[in-house]
Each structure stands twice: as structure tokens, then as C-alpha cells.
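Student: Quick one: the structure is below, questions incoming.
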Amino acid sequence: MTLAEFFGCAFLTFGPALAMFTFTIAHDPMRIIILLMASFFWLVSMLLSSIVWFAVVPLRDKLLFGIICSVLIQEAFRYGIYIALRKTERGLRQVADDIQIVENKHTLAYVAGLGFGIISGAFSTVNLLADSAGPGTVGLHGGTEIFFITSAAQSLCMILLHVFWSVIFFSGCDRRKYEHIIFVVVAHLFVSCMTLWNSAGKGGEWYGLTLPLNFGMSLVCGVIAFKIAGGSSKTLKRFIKCQQ
């Protein structure tokens with residue numbers, strides 16, 4: 001039972017990301033490099049967040065402070081990777097096998113966002129998956145038996161949101177639409193702070209609210225990113241029908 005729960009949570013969290021990587025990134029070495037670079041940027045942001053959290057002793061026991069600090073630093077590093085990619089576009093044109101990754105700026109944002117999302121999901125679920133493999137299971141001492149599956153679903157939302165946020169954020173920087181940048185930062189703060197509600201009750205009373213809100217935010221951000229990338233109802237129909 002615990003092994004089935006482990007694989008179920010792992011596939012729920014990383015299944016869509018694995019499919020996205022396999023069909024859109026794995027064939028291009030340049031995209032893999034950009035994805036790894038974005039993952040490294042996210043890890044450095046977590047390291048810096050930990051240093052700030054540890055240095056501010058009076059607020060060290062305030063979880064809200066840690067979340068806000070982490071989100072702001074992550075968004076600063078998202079801007080940092082945007083600057084790095086834009087500065088190296090000329091070099092990318094010379095070495096990239098697929099020139100589309102350079103000409104289409106949304107492709108760069110998508111790859112960088114997926115790198116952010118994958119490492120974020122791995123960071124948040126590695127201990128969860130280790131515990132789900134056993135021995136034992138959840139539900140004892142007032143815990144809820146849906147803790148693992150709910151946490152995996154929320155991690156999936158964060159992976160997808162990082163992809164959408166990067167597309168919106170990069171577009172906002174390119175077009176100087178600062179409302180897009182502000183929207184990404186506020187949405188990230190909202191989704192991250194919303195996880196505090198889950199700790200309000202051990203029985204999972206808040207999961208019925210936080211999980212739909214997470215998926216609702218993912219849907220809204222996905223639609224916005226889709227439109228920013230040039231999507232429309234016509235292109236969606238052609239995609240569904242597998243037409244060029």
C-alpha cells in the first residue's frame with residue numbers, strides 16, 4: 001500500500017512536468033542547459049532565503065516571514081534569469097540548433113519556468129515521498145489520510161504555476177507592462193501564504209478550500225500565459241485536431 005502511494009504521489013506531482021520535458025525540451029541540448037540553469041537559479045534563491053531567515057533572529061519563528069522572504073527572493077532571481085537570457089541571446093543564436101528557442105521569447109520563458117517548477121516540486125516533495133514509502137501510513141494521532149495526495153496535487157499546481165508565471169513575467173519585462181510583473185508577485189505570495197491555512201487543522205479541514213483555489217489560480221494564470229504567447233480559440237482548436 002505504501003509503495004502504491006509513493007508512486008501515485010510521484011506521478012501526480014511530476015507526471016505532467018515529465019511529459020512536458022520529454023516532448024518539448026529533451027530533444028534540444030540548449031533547452032536542457034537553460035532548464036538546468038533556471039533550476040540552479042532557484043536553488044541559489046532558496047539558499048539566500050535560508051541565510052536571510054537565519055540572520056533575522058527576532059522573526060525566525062514566524063513562518064509567514066519566511067514565506068514572504070522566500071517568494072520575493074525567488075521573483076528577484078526570476079528577473080535575474082530573465083536578464084541573463086536576454087544578455088546572452090546573441091550567443092544563443094550562434095550555438096542553438098533550434099533557432100526558434102531564441103526567436104520566440106516565450107519559448108525561453110517556458111523552459112526557464114519549467115526549470116523553476118521542477119526543482120521547486122522536487123524540493124517540496126522529496127521528504128513527502130520518502131515518508132509515503134513507509135513504513136506505516138498517515139491518519140494516526142488526528143492526522144488526515146489525504147495528506148500525501150493533497151500535498152502532491154498542490155506541488156503539481158506550483159510546478160505549472162511557475163511555468164505560467166515565467167511566461168507572464170518575461171512578457172511583462174519585454175513589453176514594460178509592470179502590471180504583469182506585479183500580478184506574478186502577488187499571485188505567488190497568495191498561493192504560498194495560502195498553504196498556512198492547511199496547518200490550521202490537523203484533520204485537513206482547509207484542504208477543501210486551498211486545493212480548489214490552487215487549481216483555480218493555475219487555470220487563470222494558464223489562460224493569461226496562453227493569450228500572452230499568442231494563443232487563441234482558433235489555435236486551440238487546431239491543436240486539439242492535431243493540425244498545423
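Just remember, in the C-alpha cells the first chain shown is A, the second B, etc., residues are 1-based per chain, and ligands are 1-based in the order shown.
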Using DSSP on the backbone coordinates, identify all residues within range 106-191 of chain A classified as alpha helix (DSSP H); present the result as a ChimeraX atom specification.
Tutor: /A:106-132,147-175,178-191
Student: Sorted by chain and rising residue number, which residues of range 123-203 of chain A lie within 8 Å of range 59-73 of chain A, and what are their closest atom pairs and distances in Å to one decimal, counting only C-alpha atoms, as a Markdown table?
Tutor:
| residue | atom | partner | partner_atom | distance |
| --- | --- | --- | --- | --- |
| A:Val185 | CA | A:Leu72 | CA | 7.4 |
| A:His188 | CA | A:Val71 | CA | 6.7 |
| A:Leu189 | CA | A:Val71 | CA | 6.3 |
| A:Ser192 | CA | A:Ile67 | CA | 6.8 |
| A:Cys193 | CA | A:Ile67 | CA | 6.7 |
| A:Leu196 | CA | A:Leu64 | CA | 7.9 |
Student: Taking only C-alpha atoms into account, name the residue in A:Phe170, A:Tyr79, A:Phe239, A:Phe164 that is nearest to Leu114 in chain A.
Tutor: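 So, comparing all the options, the nearest one is A:Phe164.
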Student: Could you list, as a PyMOL selection string, every residue within 12 Å of Gly230 in chain A, counting only C-alpha atoms and ignoring same-chain residues fewer than 4 positions away?
Tutor: chain A and resi 104-107+167-168+171+223-226+234-236
Student: If we count only C-alpha atoms, what is near range 14-22 of chain A at a cut-off of 8 Å, once residues fewer than 4 positions away on the same chain are taken out, given as a VMD selection string?
Tutor: chain A and resid 10 26 to 27 114 118 121 156 159 to 160
